[in-house]
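Reviewing the structure listed below.
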Number of protein chains: 2
Amino acid sequence: MNNPTAAFLVIGDEILSGRTQDLNVAFLAKSLGENGVELSEVRVVPDIIPTIVSALNDLRNQFDLVFTSGGIGPTHDDITADAVALAFVAELEINQQAREIIESRAQVQGLALNESRLRMARIPKGAELIKNNVSGAPGFRMENVYVMAGVPAIFRSMVGEVIPDLPSGKPQLSRTITVHRPEGEIAQDLSKIADKWPSLSIGSYPFFKDNTYGSNIVVRGHIDAEVLEAEKQIKQLFII
Amino acid sequence: MNNPTAAFLVIGDEILSGRTQDLNVAFLAKSLGENGVELSEVRVVPDIIPTIVSALNDLRNQFDLVFTSGGIGPTHDDITADAVALAFVAELEINQQAREIIESRAQVQGLALNESRLRMARIPKGAELIKNNVSGAPGFRMENVYVMAGVPAIFRSMVGEVIPDLPSGKPQLSRTITVHRPEGEIAQDLSKIADKWPSLSIGSYPFFKDNTYGSNIVVRGHIDAEVLEAEKQIKQLFII
């Protein structure tokens, strides 16, 4: 019943300025959830090394797994590897395997392995690479921290690479019951159901559609039979 | 030059499960940015009171302003007011002004002011209400913490209500230069520009379009003339 917990550290000025709409949180949340890992916190921090180090150390001590996105490209503002090395007090070195991947990719494209591209081979000592099927330059895992790219296509590919090797738990069963009544009308009875099933997470989300108010009730839990029984009781109360 | 700083605390199991795609972060980020307030951190936490209290106390001590979203409706899982009251060691009481707003709204809709709806009038003592033009039930401000709804339409309306009264700064000027060359080719020269303008934030964001790699370079800063001069130099280097 004790599923692994995870945090997601999004490194990116572009998210904090509102320039870029994040799409990675929901993707990671679903991928982890399907594997029985609970995403328990998300933090978005700017491209400032001490801020990243402090958030990373905070999260990696609190949660079983930490995922990061962003800041592993070839430009001056790509500083995630530096921050991770500092957080772990590890040396940042040119990883030969990463160098070969980046070099062979550059060759295929007829490009030079210049100093900037080589920057993407700077990996903290002791880390293991995470394959990048989209653009070559790898991410890496350092202990319980998985460092991945921010570009959604690359992020998704890297998540796909790491998921099979994660410690996993039992995915929670989730059921959504749509009730065509406003939350204020069903809240009291719903509260009794929630009290009856303390092991379940029962959320209520209002919606407004076709000029009427309704509520989506989401029941989640580790024991399938409990979720299904609560779903049945909620349906009996509010729908039938 | 010292613009107010802000953090955004998103309270919501539905974001952490991946069920709901967040749309509020980018909206708040842009609204604050236009008013010279820097969004400096975002945290997403689950609907667990001690977790909310701890994150809230952490953020309100670190940043000038804190905005929260979610958990102020009528159902059992709406626990934000309880958490805010605990964080401020304030009494949670029925706010008469909030009660009247909720009551008159219910009357118009031919609904009863039942116990669940009254729950939305529970506001920490000493707080000031934030108007909700969409569905009535107000948010509230407690010192530097602005507590708002999670439903995007209501969230946006509340942001619109509070923006005019916020301490504001000088909005940063932002310029985006699209360069049709991969990041690895421009990174070294771009790094020199970044070194030359330490007061500017210069970010590089790769894209892949029409089968070629390109880079969006974003220059942001408080002094317009610096941003425009850096933009000019970047264009001269990479475009002309």
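Each chain in the structure tokens gets a letter, A, B, ..., in the order shown, and its residues are numbered from 1; ligands are numbered from 1 in order too.
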*For chain A, which residues have at least one atom within 7 Å of chain B, if we go by only C-alpha atoms? Write them as number ranges by chain, please.*
A: 15-18, 21, 26-27, 29-30, 33, 39-46, 74-77, 116-117, 183-184, 187-188, 191, 203-204
Just the selected residues (C-alpha atoms), exported as a PDB file, in the first residue's frame, please.
```
ATOM      1  CA  ILE A  15       7.228  28.675 -17.484  1.00  0.00           C
ATOM      2  CA  LEU A  16       7.485  31.332 -14.747  1.00  0.00           C
ATOM      3  CA  SER A  17       7.186  34.161 -17.279  1.00  0.00           C
ATOM      4  CA  GLY A  18       4.076  32.566 -18.803  1.00  0.00           C
ATOM      5  CA  GLN A  21       2.442  26.595 -21.307  1.00  0.00           C
ATOM      6  CA  ALA A  26       0.192  16.151 -16.615  1.00  0.00           C
ATOM      7  CA  PHE A  27       2.151  13.718 -18.784  1.00  0.00           C
ATOM      8  CA  ALA A  29       1.688  12.550 -13.467  1.00  0.00           C
ATOM      9  CA  LYS A  30      -0.253  10.100 -15.625  1.00  0.00           C
ATOM     10  CA  GLY A  33       0.214   7.042 -11.736  1.00  0.00           C
ATOM     11  CA  LEU A  39       3.361  12.391  -7.806  1.00  0.00           C
ATOM     12  CA  SER A  40       3.297  14.282  -4.508  1.00  0.00           C
ATOM     13  CA  GLU A  41       4.720  17.703  -5.304  1.00  0.00           C
ATOM     14  CA  VAL A  42       5.634  19.860  -8.282  1.00  0.00           C
ATOM     15  CA  ARG A  43       7.924  22.876  -8.070  1.00  0.00           C
ATOM     16  CA  VAL A  44       8.755  25.331 -10.804  1.00  0.00           C
ATOM     17  CA  VAL A  45      11.941  27.333 -10.193  1.00  0.00           C
ATOM     18  CA  PRO A  46      13.909  29.837 -12.282  1.00  0.00           C
ATOM     19  CA  PRO A  74      24.000  23.473 -25.264  1.00  0.00           C
ATOM     20  CA  THR A  75      23.406  27.151 -24.405  1.00  0.00           C
ATOM     21  CA  HIS A  76      24.713  29.322 -21.564  1.00  0.00           C
ATOM     22  CA  ASP A  77      21.356  29.179 -19.764  1.00  0.00           C
ATOM     23  CA  SER A 116      28.691  24.086 -27.009  1.00  0.00           C
ATOM     24  CA  ARG A 117      27.591  20.616 -28.069  1.00  0.00           C
ATOM     25  CA  GLU A 183     -21.703  20.861  -5.636  1.00  0.00           C
ATOM     26  CA  GLY A 184     -23.594  22.804  -2.970  1.00  0.00           C
ATOM     27  CA  ALA A 187     -21.762  18.206  -0.655  1.00  0.00           C
ATOM     28  CA  GLN A 188     -23.362  17.085   2.601  1.00  0.00           C
ATOM     29  CA  SER A 191     -19.105  14.197   2.879  1.00  0.00           C
ATOM     30  CA  GLY A 203     -12.572  14.700  -4.843  1.00  0.00           C
ATOM     31  CA  SER A 204     -15.351  16.852  -6.231  1.00  0.00           C
TER      32      SER A 204
END
```
*For A:Ser157: contacts at 8 Å, only C-alpha atoms, fewer than 5 positions along chain excluded, given as a PyMOL selection string*: chain A and resi 132-134
Saved selection, atoms kept: N, CA and C atoms, as a CSV table (one decimal), in the first residue's frame:
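Below is the file part.csv, written as the result:
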```csv
chain,number,residue,atom,x,y,z
A,132,ASN,N,18.0,9.5,-25.1
A,132,ASN,CA,17.2,10.5,-25.8
A,132,ASN,C,17.0,10.1,-27.3
A,133,ASN,N,15.8,9.5,-27.5
A,133,ASN,CA,15.6,9.0,-28.9
A,133,ASN,C,15.2,10.1,-29.9
A,134,VAL,N,15.1,11.3,-29.4
A,134,VAL,CA,14.6,12.4,-30.3
A,134,VAL,C,15.8,13.1,-30.9
```
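Nearest to A:Met142 of all the residues A:Pro171, A:Gly126, A:Gly110, A:Gly221 is A:Gly126, counting only C-alpha atoms.
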_Give me, as a PyMOL selection string, all polymer residues having an atom no more than 8 Å from stretch 230-234 of chain A, counting only C-alpha atoms and skipping those fewer than 3 positions away in the same chain._
chain A and resi 175+177+190+193+197+219+226-227+237-239
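The residues of stretch 54-172 of chain A that DSSP assigns to strand (DSSP E or B) on this backbone come out as Leu65, Val66, Phe67, Thr68, Ser69, Leu92, Glu93, Ile94, Arg122, Ile123, Pro124, Glu128, Leu129, Ile130, Lys131, Asn132, Gly136, Ala137, Pro138, Gly139, Phe140, Arg141, Met142, Val145, Tyr146, Val147 and Met148 of chain A.
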Expected file: the selected residues, C-alpha atoms, as a PDB file, in the first residue's frame:
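For reference, selection-v9.pdb as written:
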```pdb
ATOM      1  CA  LEU A  65      12.071   9.811  -6.650  1.00  0.00           C
ATOM      2  CA  VAL A  66      12.701  13.248  -8.132  1.00  0.00           C
ATOM      3  CA  PHE A  67      12.322  14.136 -11.803  1.00  0.00           C
ATOM      4  CA  THR A  68      13.637  17.352 -13.288  1.00  0.00           C
ATOM      5  CA  SER A  69      12.963  18.945 -16.661  1.00  0.00           C
ATOM      6  CA  LEU A  92      31.000  17.533 -13.298  1.00  0.00           C
ATOM      7  CA  GLU A  93      32.970  15.759 -16.002  1.00  0.00           C
ATOM      8  CA  ILE A  94      32.793  14.977 -19.694  1.00  0.00           C
ATOM      9  CA  ARG A 122      28.990  17.329 -18.941  1.00  0.00           C
ATOM     10  CA  ILE A 123      27.452  14.822 -16.540  1.00  0.00           C
ATOM     11  CA  PRO A 124      28.015  14.502 -12.785  1.00  0.00           C
ATOM     12  CA  GLU A 128      23.843   6.903 -15.429  1.00  0.00           C
ATOM     13  CA  LEU A 129      22.655   8.184 -18.817  1.00  0.00           C
ATOM     14  CA  ILE A 130      19.017   8.386 -19.882  1.00  0.00           C
ATOM     15  CA  LYS A 131      18.557   7.759 -23.585  1.00  0.00           C
ATOM     16  CA  ASN A 132      17.187  10.511 -25.811  1.00  0.00           C
ATOM     17  CA  GLY A 136      20.597  12.430 -29.093  1.00  0.00           C
ATOM     18  CA  ALA A 137      21.916  14.406 -26.116  1.00  0.00           C
ATOM     19  CA  PRO A 138      21.121  12.235 -23.092  1.00  0.00           C
ATOM     20  CA  GLY A 139      19.595  12.968 -19.719  1.00  0.00           C
ATOM     21  CA  PHE A 140      20.958  11.255 -16.615  1.00  0.00           C
ATOM     22  CA  ARG A 141      20.045   9.653 -13.321  1.00  0.00           C
ATOM     23  CA  MET A 142      22.006  10.552 -10.202  1.00  0.00           C
ATOM     24  CA  VAL A 145      17.128  12.088  -9.284  1.00  0.00           C
ATOM     25  CA  TYR A 146      16.174  11.764 -12.969  1.00  0.00           C
ATOM     26  CA  VAL A 147      17.358  14.716 -15.053  1.00  0.00           C
ATOM     27  CA  MET A 148      15.474  15.144 -18.315  1.00  0.00           C
TER      28      MET A 148
END
```
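Minimum distance to A:Tyr213 across B:Gln236, B:Ser135, B:Gln172, B:Gln62 (counting only C-alpha atoms) occurs at B:Ser135.
With only C-alpha atoms taken into account, the protein and nucleic acid residues at most 8 Å from B:His180 (excluding it and anything under 6 positions from it in its own chain) are B:Thr212, B:Tyr213, B:Gly214, B:Ser215.
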With N, CA and C atoms retained, export the selected residues as a PDB file, in the first residue's frame.
```pdb
ATOM      1  N   THR B 212      13.590  21.487 -39.854  1.00  0.00           N
ATOM      2  CA  THR B 212      14.873  22.095 -39.480  1.00  0.00           C
ATOM      3  C   THR B 212      14.833  22.553 -38.027  1.00  0.00           C
ATOM      4  N   TYR B 213      16.029  22.587 -37.449  1.00  0.00           N
ATOM      5  CA  TYR B 213      16.157  23.044 -36.066  1.00  0.00           C
ATOM      6  C   TYR B 213      16.338  24.559 -36.035  1.00  0.00           C
ATOM      7  N   GLY B 214      15.738  25.191 -35.056  1.00  0.00           N
ATOM      8  CA  GLY B 214      15.927  26.616 -34.870  1.00  0.00           C
ATOM      9  C   GLY B 214      15.953  26.946 -33.394  1.00  0.00           C
ATOM     10  N   SER B 215      16.160  28.223 -33.067  1.00  0.00           N
ATOM     11  CA  SER B 215      16.266  28.655 -31.677  1.00  0.00           C
ATOM     12  C   SER B 215      15.487  29.952 -31.485  1.00  0.00           C
TER      13      SER B 215
END
```
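Rounded to one decimal, atom CA of B:Val159 and atom CA of B:Ile217 lie 29.2 Å from each other.
Here atom CA of A:Arg60 stands at a distance of 17.2 Å from atom CA of B:Ser54.
As for atom CA of A:Gly36 and atom CA of A:Thr5, they are spaced 9.1 Å apart.
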